[in-house]
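Novice: The structure follows.
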Amino acid sequence: MDRFADLESLFDHIWTYVETGARDRSHPFYTPTLATALEAPNLRTVVLRTASRADRMLAFHSDRRAQKVGEIRGNERIAWHHWNADTSEQLRLKGTATVHTDDGVADALWADATPRQRAIYVKPTAPNTPVDDPASGLAPNVQAADAPSEDDVRDGRRYFAAVRTVIEEITWLHLHPEGHYRARFRWNDGAWQGSWVIP
């Protein structure tokens, strides 16, 4: 991969990758790591559902009863981590998250999801509940369905949440054979300001 020489081209590249990751299941940015910090740092892989450069926004789905939702409600500062092994690029994004459960944001993401994607929210028992044997927690009719129908997954809406992050800082690192290099972009006074930084 070529080395980037100017910040504007790099910034375009970053957002192209992030927005592509939200649409393309085969893209390495489709399943980033999300970091929260309340009592202690916590990491997990999530599916990037939407991304918008114009809105500085990334979003994912969650069960509203999940631990990460409680952590975000307690501390809205979160971070995202993406890694592309093919190009040796690391991307970290920091921002402020909001949890949406019964509003237009959540309704739109629920409507955009397929019945199969919605099926994971049809869980009468909350995530992280101890059980005696390995179990998905899914309702029996959903667990048994090869292709869940709209009726099968309707009850999952009450457990569904959308989490949106407004991005305030982006740090990009390229592990390049000619020498590693890094750039940082910060949102300040209504505009992105970029700079090269030593890795």
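So you can find residues: chains in the structure tokens are A, B, ... in the order shown, residues in each start at 1, and ligands are numbered from 1 in order.
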Set the distance at 9 Å and use only C-alpha atoms: which residues neighbour stretch 140-153 of chain A once local chain neighbours fewer than 6 positions away are removed? I'd like the list as an MDAnalysis selection string.
Specialist: chainID A and resid 114:116 118:122
Novice: Given only C-alpha atoms, how would the per-residue table for stretch 72-130 of chain A near stretch 24-29 of chain A read, listing every residue at most 9 Å away with its closest atom pair and distance in Å to one decimal, sorted by chain and number, as JSON lines?
Specialist:
```
{"residue": "A:His81", "atom": "CA", "partner": "A:Phe29", "partner_atom": "CA", "distance": 8.9}
{"residue": "A:His82", "atom": "CA", "partner": "A:Phe29", "partner_atom": "CA", "distance": 5.7}
{"residue": "A:Trp83", "atom": "CA", "partner": "A:Pro28", "partner_atom": "CA", "distance": 6.8}
{"residue": "A:Asn84", "atom": "CA", "partner": "A:Pro28", "partner_atom": "CA", "distance": 5.6}
{"residue": "A:Ala85", "atom": "CA", "partner": "A:Pro28", "partner_atom": "CA", "distance": 7.9}
{"residue": "A:Asp86", "atom": "CA", "partner": "A:Pro28", "partner_atom": "CA", "distance": 8.7}
```
Novice: Take the residues just selected and output them with N, CA, C and O atoms as a PDB file, in the first residue's frame.
Specialist:
```pdb
ATOM      1  N   HIS A  81     -12.333   0.909  17.989  1.00  0.00           N
ATOM      2  CA  HIS A  81     -11.043   0.460  17.464  1.00  0.00           C
ATOM      3  C   HIS A  81     -11.294  -0.420  16.246  1.00  0.00           C
ATOM      4  O   HIS A  81     -12.073  -1.377  16.306  1.00  0.00           O
ATOM      5  N   HIS A  82     -10.655  -0.075  15.134  1.00  0.00           N
ATOM      6  CA  HIS A  82     -10.736  -0.858  13.897  1.00  0.00           C
ATOM      7  C   HIS A  82      -9.326  -1.286  13.507  1.00  0.00           C
ATOM      8  O   HIS A  82      -8.372  -0.518  13.682  1.00  0.00           O
ATOM      9  N   TRP A  83      -9.219  -2.478  12.942  1.00  0.00           N
ATOM     10  CA  TRP A  83      -7.927  -2.979  12.471  1.00  0.00           C
ATOM     11  C   TRP A  83      -8.132  -3.630  11.114  1.00  0.00           C
ATOM     12  O   TRP A  83      -9.047  -4.450  10.930  1.00  0.00           O
ATOM     13  N   ASN A  84      -7.297  -3.266  10.160  1.00  0.00           N
ATOM     14  CA  ASN A  84      -7.302  -3.887   8.844  1.00  0.00           C
ATOM     15  C   ASN A  84      -5.985  -4.638   8.686  1.00  0.00           C
ATOM     16  O   ASN A  84      -4.930  -4.027   8.450  1.00  0.00           O
ATOM     17  N   ALA A  85      -6.027  -5.947   8.820  1.00  0.00           N
ATOM     18  CA  ALA A  85      -4.807  -6.759   8.743  1.00  0.00           C
ATOM     19  C   ALA A  85      -4.213  -6.761   7.343  1.00  0.00           C
ATOM     20  O   ALA A  85      -3.000  -6.904   7.176  1.00  0.00           O
ATOM     21  N   ASP A  86      -5.046  -6.601   6.313  1.00  0.00           N
ATOM     22  CA  ASP A  86      -4.553  -6.609   4.933  1.00  0.00           C
ATOM     23  C   ASP A  86      -3.686  -5.395   4.628  1.00  0.00           C
ATOM     24  O   ASP A  86      -2.731  -5.482   3.847  1.00  0.00           O
TER      25      ASP A  86
END
```
Novice: Which polymer residues have any atom within 10 Å of an atom of A:Ile14, counting only C-alpha atoms, with same-chain residues fewer than 3 positions away left out, as a ChimeraX atom specification?
Specialist: /A:8-11,17-20,53,89,91,170-172
Novice: With a distance cut-off of 7 Å and only C-alpha atoms, select the neighbouring residues of stretch 101-111 of chain A, excluding the residue or stretch itself and same-chain residues fewer than 6 positions from it, and output the selection as a list in words.
Specialist: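 Once the nearby chain positions are removed, what remains is Phe160, Ala161 and Ala162 of chain A.
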Novice: Show which residues sit within 9 Å of A:Ile167, as a PyMOL selection string. Count only C-alpha atoms, and ignore same-chain residues fewer than 3 positions away.
Specialist: chain A and resi 55-58+79+93-97+170+186-187
Novice: Write down as an mmCIF file with C-alpha atoms, in the first residue's frame the residues belonging to stretch 16-63 of chain A that are assigned strand (DSSP E) by DSSP computed on the backbone.
Specialist:
```
data_model
loop_
_atom_site.group_PDB
_atom_site.id
_atom_site.type_symbol
_atom_site.label_atom_id
_atom_site.label_comp_id
_atom_site.auth_asym_id
_atom_site.auth_seq_id
_atom_site.Cartn_x
_atom_site.Cartn_y
_atom_site.Cartn_z
ATOM 1 C CA THR A 33 -14.089 -3.181 18.985
ATOM 2 C CA LEU A 34 -16.056 -0.858 21.264
ATOM 3 C CA ALA A 35 -14.573 0.391 24.537
ATOM 4 C CA THR A 36 -16.524 1.698 27.510
ATOM 5 C CA ALA A 37 -15.260 2.734 30.929
ATOM 6 C CA PRO A 41 -12.472 -0.452 31.043
ATOM 7 C CA ASN A 42 -14.525 -2.929 29.049
ATOM 8 C CA LEU A 43 -14.088 -4.100 25.443
ATOM 9 C CA ARG A 44 -16.321 -6.021 23.072
ATOM 10 C CA THR A 45 -16.813 -6.563 19.346
ATOM 11 C CA THR A 50 -24.397 2.917 10.249
ATOM 12 C CA ALA A 51 -21.678 5.491 9.721
ATOM 13 C CA SER A 52 -21.898 9.046 8.438
ATOM 14 C CA MET A 57 -21.603 9.444 13.544
ATOM 15 C CA LEU A 58 -21.203 5.702 14.081
ATOM 16 C CA ALA A 59 -24.008 3.488 15.390
ATOM 17 C CA PHE A 60 -24.637 -0.084 16.504
ATOM 18 C CA HIS A 61 -27.509 -2.167 17.927
ATOM 19 C CA SER A 62 -27.721 -3.661 21.387
ATOM 20 C CA ASP A 63 -30.091 -5.300 23.792
#
```
Novice: Skip A:Gly194 itself and residues of its chain fewer than 2 positions away, then list as a PyMOL selection string all residues within 8 Å of it, counting only C-alpha atoms.
Specialist: chain A and resi 7+183-186+192+196
Novice: Please save N, CA, C and O atoms of the selected residues as a short mmCIF file (atom, residue, chain, number, x, y, z; two decimals), in the first residue's frame.
Specialist:
```cif
data_model
loop_
_atom_site.label_atom_id
_atom_site.label_comp_id
_atom_site.auth_asym_id
_atom_site.auth_seq_id
_atom_site.Cartn_x
_atom_site.Cartn_y
_atom_site.Cartn_z
N LEU A 7 -2.92 15.13 4.51
CA LEU A 7 -3.95 14.82 5.49
C LEU A 7 -5.35 14.78 4.88
O LEU A 7 -6.19 13.98 5.31
N ALA A 183 -1.48 9.82 12.12
CA ALA A 183 -2.14 11.11 12.01
C ALA A 183 -3.28 11.18 13.02
O ALA A 183 -3.85 10.16 13.41
N ARG A 184 -3.57 12.40 13.44
CA ARG A 184 -4.67 12.63 14.39
C ARG A 184 -5.54 13.78 13.86
O ARG A 184 -5.03 14.78 13.36
N PHE A 185 -6.86 13.58 14.00
CA PHE A 185 -7.83 14.60 13.62
C PHE A 185 -8.72 14.89 14.82
O PHE A 185 -9.22 13.96 15.46
N ARG A 186 -8.93 16.18 15.11
CA ARG A 186 -9.79 16.57 16.23
C ARG A 186 -10.83 17.56 15.74
O ARG A 186 -10.53 18.46 14.95
N TRP A 192 -12.83 19.91 11.41
CA TRP A 192 -11.78 18.95 11.70
C TRP A 192 -10.42 19.60 11.53
O TRP A 192 -10.19 20.30 10.54
N TRP A 196 0.02 15.41 11.62
CA TRP A 196 0.84 14.21 11.69
C TRP A 196 1.44 14.14 13.08
O TRP A 196 1.84 15.17 13.64
#
```
Novice: I need the helix (DSSP H, G or I) residues of chain A per DSSP on the backbone, written as a VMD selection string.
Specialist: chain A and resid 7 to 23 28 to 30 67 to 74 104 to 112 115 to 121 140 to 144 150 to 159
Novice: In Å, how far is it from atom CA of A:Ala113 to atom CA of A:Ala135?
Specialist: 23.5 Å
